[in-house]
Amino acid sequence: MCDIRVMLAALAATMLSACSQPTVLRHPPEVEPDPRFMALFSPDSGGITGADGLFSIPLPDGRSVFLTGDCFLGKVVNGKRDVGTKMLNNSMVVISSDLSEAVALYRGTYDRPESLFVPQGSGDVGHWYWPGHGFVADSIVYVFALNMYTEPTLVVPSGKDPGTADEVDKLAENQWSFAVAGVDLLRFSFPGLQLLGSDPVPSTYELDIHLGNCVMQDGGHLYFYGTRNDPDGSHIYVARKEMSVPPYHENWEYFDGQGWSRDHRMVRPMKLDISVSEQFSIFKIKDRYVLLTHSKSTPDIYSYTSAEPHQGFGNKRYIYSSPEPAADTTRNLFAYNALAHPQYIDGNQLLVSYCVNSFRVRDVFENVDNYRGGLLGSLFPSSIPPFGISSRNQGIFKHGTSIQ
């Protein structure tokens, strides 16, 4: 099972200048729970009650679409999920422009839901998609997605009789048995978000670099970021593509440590003093680029800034430590993959999400908060004008919409 994202609001007065700092700024941030957005996104019934992923893409009409990985529909009763609740591998949650409602998109019916999109290739039987980040161009919504499959040698049998094993036992058997078959770039219609097709993204896949876990549009280019687990830690790699020259799944330029190369084998990592999480965010605020990431295998979240989108990130600043692992006496919970949602900057706060999951699968059924969380605020140092999220109305989650 993959991780789940919990929402937090990072109260951000500003970012530091672009020059590097010899030490980490580690002032305890001011944080406070704010459940309003989470109540909108993850209700106890009628929609997605918990999910991982939570990449978001702002749409041209003011809405935002959140892309979820493993997720649950159904009803939460006394803080618990029924053990028969089926886990979907992906869905979408569309947030209205006025933040008054959210609509979940999936296939099938509410009582018998299915994942929203699945690989369609002749060799993809039994495969599934975990979505990455995306963008909008020419009235098409593009979404990167990992084409996943179950590796039989990694399955851990529960030892239970198939007649007595429940949904949780089945999930536990396959919790760490997933493998990546490739990366696809999916195309969805706008505004209806109907799947139009997909194209494989071959380039760096052979190098175990999965670009598309972060996308940023800037200066006529699309920047595609991804990670690879190298011997000395997890590093960020980046490619780019001109917005005016589709198709977008091929003919990229790759940062080679000095400049841009057409040869994907020349790609080199960005220089950072941290092992980054698999999923992270890079976005632009005025004339500064901001990187937000968990430190891999720790609950700590950090930010960096740069004057360029592909190099020079410094000014490391401690933002927040996800509290769930430390509060868990069983030491089964873990947190990672902080993501920013800069389309909601408005005032003094920035919407950020991070992942929480458990090494014990049954935990996410026995306590829904182990696959769901709250909204918090975090204080940044000042050097550019404030940004963030203003107060908003309590949202109402509409009944999910099934796409046949």
# chains A, B, ... in the order shown; residues from 1 in each chain; ligands from 1
>>> residues_around(residues="Asn370 (chain A)", least_positions_apart="6", cutoff="12 Å", atoms="only C-alpha atoms", output="PyMOL selection string")
chain A and resi 3-6+49-52+79-81+323-325+327-328+332-335+355-364
>>> select_by_dssp(residues="region 29-263 of chain A", states="helix (DSSP H, G or I)", output="PyMOL selection string")
chain A and resi 36-41+152-154+167-173+203-207
>>> closest_atom_pairs(of="region 32-74 of chain A", to="region 274-284 of chain A", cutoff="12 Å", atoms="only C-alpha atoms", output="JSON lines")
{"residue": "A:Asp52", "atom": "CA", "partner": "A:Gln279", "partner_atom": "CA", "distance": 11.3}
{"residue": "A:Gly53", "atom": "CA", "partner": "A:Gln279", "partner_atom": "CA", "distance": 8.6}
{"residue": "A:Leu54", "atom": "CA", "partner": "A:Gln279", "partner_atom": "CA", "distance": 10.3}
{"residue": "A:Phe55", "atom": "CA", "partner": "A:Gln279", "partner_atom": "CA", "distance": 9.1}
{"residue": "A:Ser56", "atom": "CA", "partner": "A:Ser281", "partner_atom": "CA", "distance": 10.7}
>>> select_by_dssp(residues="region 192-263 of chain A", states="strand (DSSP E)", output="ChimeraX atom specification")
/A:195-200,214-218,221-230,233-242,253-255,260-261
>>> closest_atom_pairs(of="region 62-167 of chain A", to="region 238-254 of chain A", cutoff="12 Å", atoms="only C-alpha atoms", output="JSON lines")
{"residue": "A:Gly134", "atom": "CA", "partner": "A:Tyr248", "partner_atom": "CA", "distance": 11.1}
{"residue": "A:Phe135", "atom": "CA", "partner": "A:Tyr248", "partner_atom": "CA", "distance": 10.5}
{"residue": "A:Val136", "atom": "CA", "partner": "A:Met243", "partner_atom": "CA", "distance": 10.2}
{"residue": "A:Ala137", "atom": "CA", "partner": "A:Met243", "partner_atom": "CA", "distance": 7.8}
{"residue": "A:Asp138", "atom": "CA", "partner": "A:Met243", "partner_atom": "CA", "distance": 9.8}
{"residue": "A:Ile140", "atom": "CA", "partner": "A:Tyr248", "partner_atom": "CA", "distance": 11.5}
{"residue": "A:Val141", "atom": "CA", "partner": "A:Tyr248", "partner_atom": "CA", "distance": 11.7}
{"residue": "A:Tyr142", "atom": "CA", "partner": "A:Tyr248", "partner_atom": "CA", "distance": 8.9}
{"residue": "A:Val143", "atom": "CA", "partner": "A:His249", "partner_atom": "CA", "distance": 10.7}
{"residue": "A:Phe144", "atom": "CA", "partner": "A:His249", "partner_atom": "CA", "distance": 9.4}
{"residue": "A:Ala145", "atom": "CA", "partner": "A:His249", "partner_atom": "CA", "distance": 11.9}
>>> write_last_selection(atoms="all heavy atoms", output="JSON list (two decimals), in the first residue's frame")
[["chain", "number", "residue", "atom", "x", "y", "z"],
["A", 134, "GLY", "N", 1.01, 17.02, -12.91],
["A", 134, "GLY", "CA", 0.56, 17.28, -14.27],
["A", 134, "GLY", "C", 0.48, 18.76, -14.57],
["A", 134, "GLY", "O", 0.94, 19.62, -13.81],
["A", 135, "PHE", "N", -0.17, 19.07, -15.70],
["A", 135, "PHE", "CA", -0.27, 20.45, -16.16],
["A", 135, "PHE", "C", -1.39, 20.53, -17.18],
["A", 135, "PHE", "O", -1.96, 19.51, -17.60],
["A", 135, "PHE", "CB", 1.06, 20.90, -16.80],
["A", 135, "PHE", "CG", 1.50, 20.06, -17.98],
["A", 135, "PHE", "CD1", 1.23, 20.45, -19.28],
["A", 135, "PHE", "CD2", 2.16, 18.86, -17.78],
["A", 135, "PHE", "CE1", 1.62, 19.69, -20.37],
["A", 135, "PHE", "CE2", 2.58, 18.08, -18.87],
["A", 135, "PHE", "CZ", 2.29, 18.49, -20.16],
["A", 136, "VAL", "N", -1.72, 21.75, -17.59],
["A", 136, "VAL", "CA", -2.77, 21.99, -18.59],
["A", 136, "VAL", "C", -2.15, 22.73, -19.77],
["A", 136, "VAL", "O", -1.41, 23.71, -19.59],
["A", 136, "VAL", "CB", -3.93, 22.82, -18.01],
["A", 136, "VAL", "CG1", -5.01, 23.04, -19.08],
["A", 136, "VAL", "CG2", -4.52, 22.14, -16.78],
["A", 137, "ALA", "N", -2.45, 22.24, -20.98],
["A", 137, "ALA", "CA", -1.98, 22.91, -22.20],
["A", 137, "ALA", "C", -2.99, 22.66, -23.31],
["A", 137, "ALA", "O", -3.44, 21.52, -23.51],
["A", 137, "ALA", "CB", -0.61, 22.38, -22.61],
["A", 138, "ASP", "N", -3.38, 23.72, -24.02],
["A", 138, "ASP", "CA", -4.28, 23.62, -25.17],
["A", 138, "ASP", "C", -5.56, 22.86, -24.81],
["A", 138, "ASP", "O", -6.01, 21.97, -25.55],
["A", 138, "ASP", "CB", -3.58, 22.94, -26.34],
["A", 138, "ASP", "CG", -2.37, 23.73, -26.82],
["A", 138, "ASP", "OD1", -2.43, 24.97, -26.81],
["A", 138, "ASP", "OD2", -1.36, 23.10, -27.20],
["A", 140, "ILE", "N", -6.17, 20.63, -22.70],
["A", 140, "ILE", "CA", -5.99, 19.23, -22.32],
["A", 140, "ILE", "C", -5.27, 19.20, -20.98],
["A", 140, "ILE", "O", -4.30, 19.95, -20.75],
["A", 140, "ILE", "CB", -5.18, 18.46, -23.38],
["A", 140, "ILE", "CG1", -5.96, 18.38, -24.69],
["A", 140, "ILE", "CG2", -4.84, 17.05, -22.89],
["A", 140, "ILE", "CD1", -5.21, 17.70, -25.82],
["A", 141, "VAL", "N", -5.75, 18.34, -20.08],
["A", 141, "VAL", "CA", -5.11, 18.14, -18.78],
["A", 141, "VAL", "C", -4.18, 16.94, -18.91],
["A", 141, "VAL", "O", -4.62, 15.83, -19.21],
["A", 141, "VAL", "CB", -6.15, 17.91, -17.67],
["A", 141, "VAL", "CG1", -5.45, 17.69, -16.33],
["A", 141, "VAL", "CG2", -7.11, 19.10, -17.58],
["A", 142, "TYR", "N", -2.90, 17.17, -18.70],
["A", 142, "TYR", "CA", -1.89, 16.11, -18.79],
["A", 142, "TYR", "C", -1.51, 15.65, -17.39],
["A", 142, "TYR", "O", -1.30, 16.48, -16.49],
["A", 142, "TYR", "CB", -0.64, 16.61, -19.50],
["A", 142, "TYR", "CG", -0.83, 16.91, -20.98],
["A", 142, "TYR", "CD1", -1.29, 18.16, -21.40],
["A", 142, "TYR", "CD2", -0.54, 15.95, -21.94],
["A", 142, "TYR", "CE1", -1.46, 18.43, -22.76],
["A", 142, "TYR", "CE2", -0.70, 16.21, -23.30],
["A", 142, "TYR", "CZ", -1.16, 17.45, -23.70],
["A", 142, "TYR", "OH", -1.33, 17.73, -25.04],
["A", 143, "VAL", "N", -1.40, 14.33, -17.21],
["A", 143, "VAL", "CA", -1.06, 13.76, -15.91],
["A", 143, "VAL", "C", -0.01, 12.67, -16.12],
["A", 143, "VAL", "O", -0.22, 11.73, -16.89],
["A", 143, "VAL", "CB", -2.29, 13.15, -15.21],
["A", 143, "VAL", "CG1", -1.88, 12.45, -13.91],
["A", 143, "VAL", "CG2", -3.34, 14.23, -14.93],
["A", 144, "PHE", "N", 1.12, 12.80, -15.44],
["A", 144, "PHE", "CA", 2.10, 11.71, -15.42],
["A", 144, "PHE", "C", 1.59, 10.61, -14.50],
["A", 144, "PHE", "O", 0.94, 10.88, -13.48],
["A", 144, "PHE", "CB", 3.45, 12.21, -14.92],
["A", 144, "PHE", "CG", 4.20, 13.03, -15.92],
["A", 144, "PHE", "CD1", 4.11, 14.41, -15.92],
["A", 144, "PHE", "CD2", 5.01, 12.42, -16.86],
["A", 144, "PHE", "CE1", 4.80, 15.18, -16.84],
["A", 144, "PHE", "CE2", 5.71, 13.17, -17.80],
["A", 144, "PHE", "CZ", 5.61, 14.56, -17.79],
["A", 145, "ALA", "N", 1.86, 9.37, -14.86],
["A", 145, "ALA", "CA", 1.40, 8.25, -14.04],
["A", 145, "ALA", "C", 2.40, 7.10, -14.13],
["A", 145, "ALA", "O", 2.89, 6.78, -15.22],
["A", 145, "ALA", "CB", 0.02, 7.77, -14.49]]
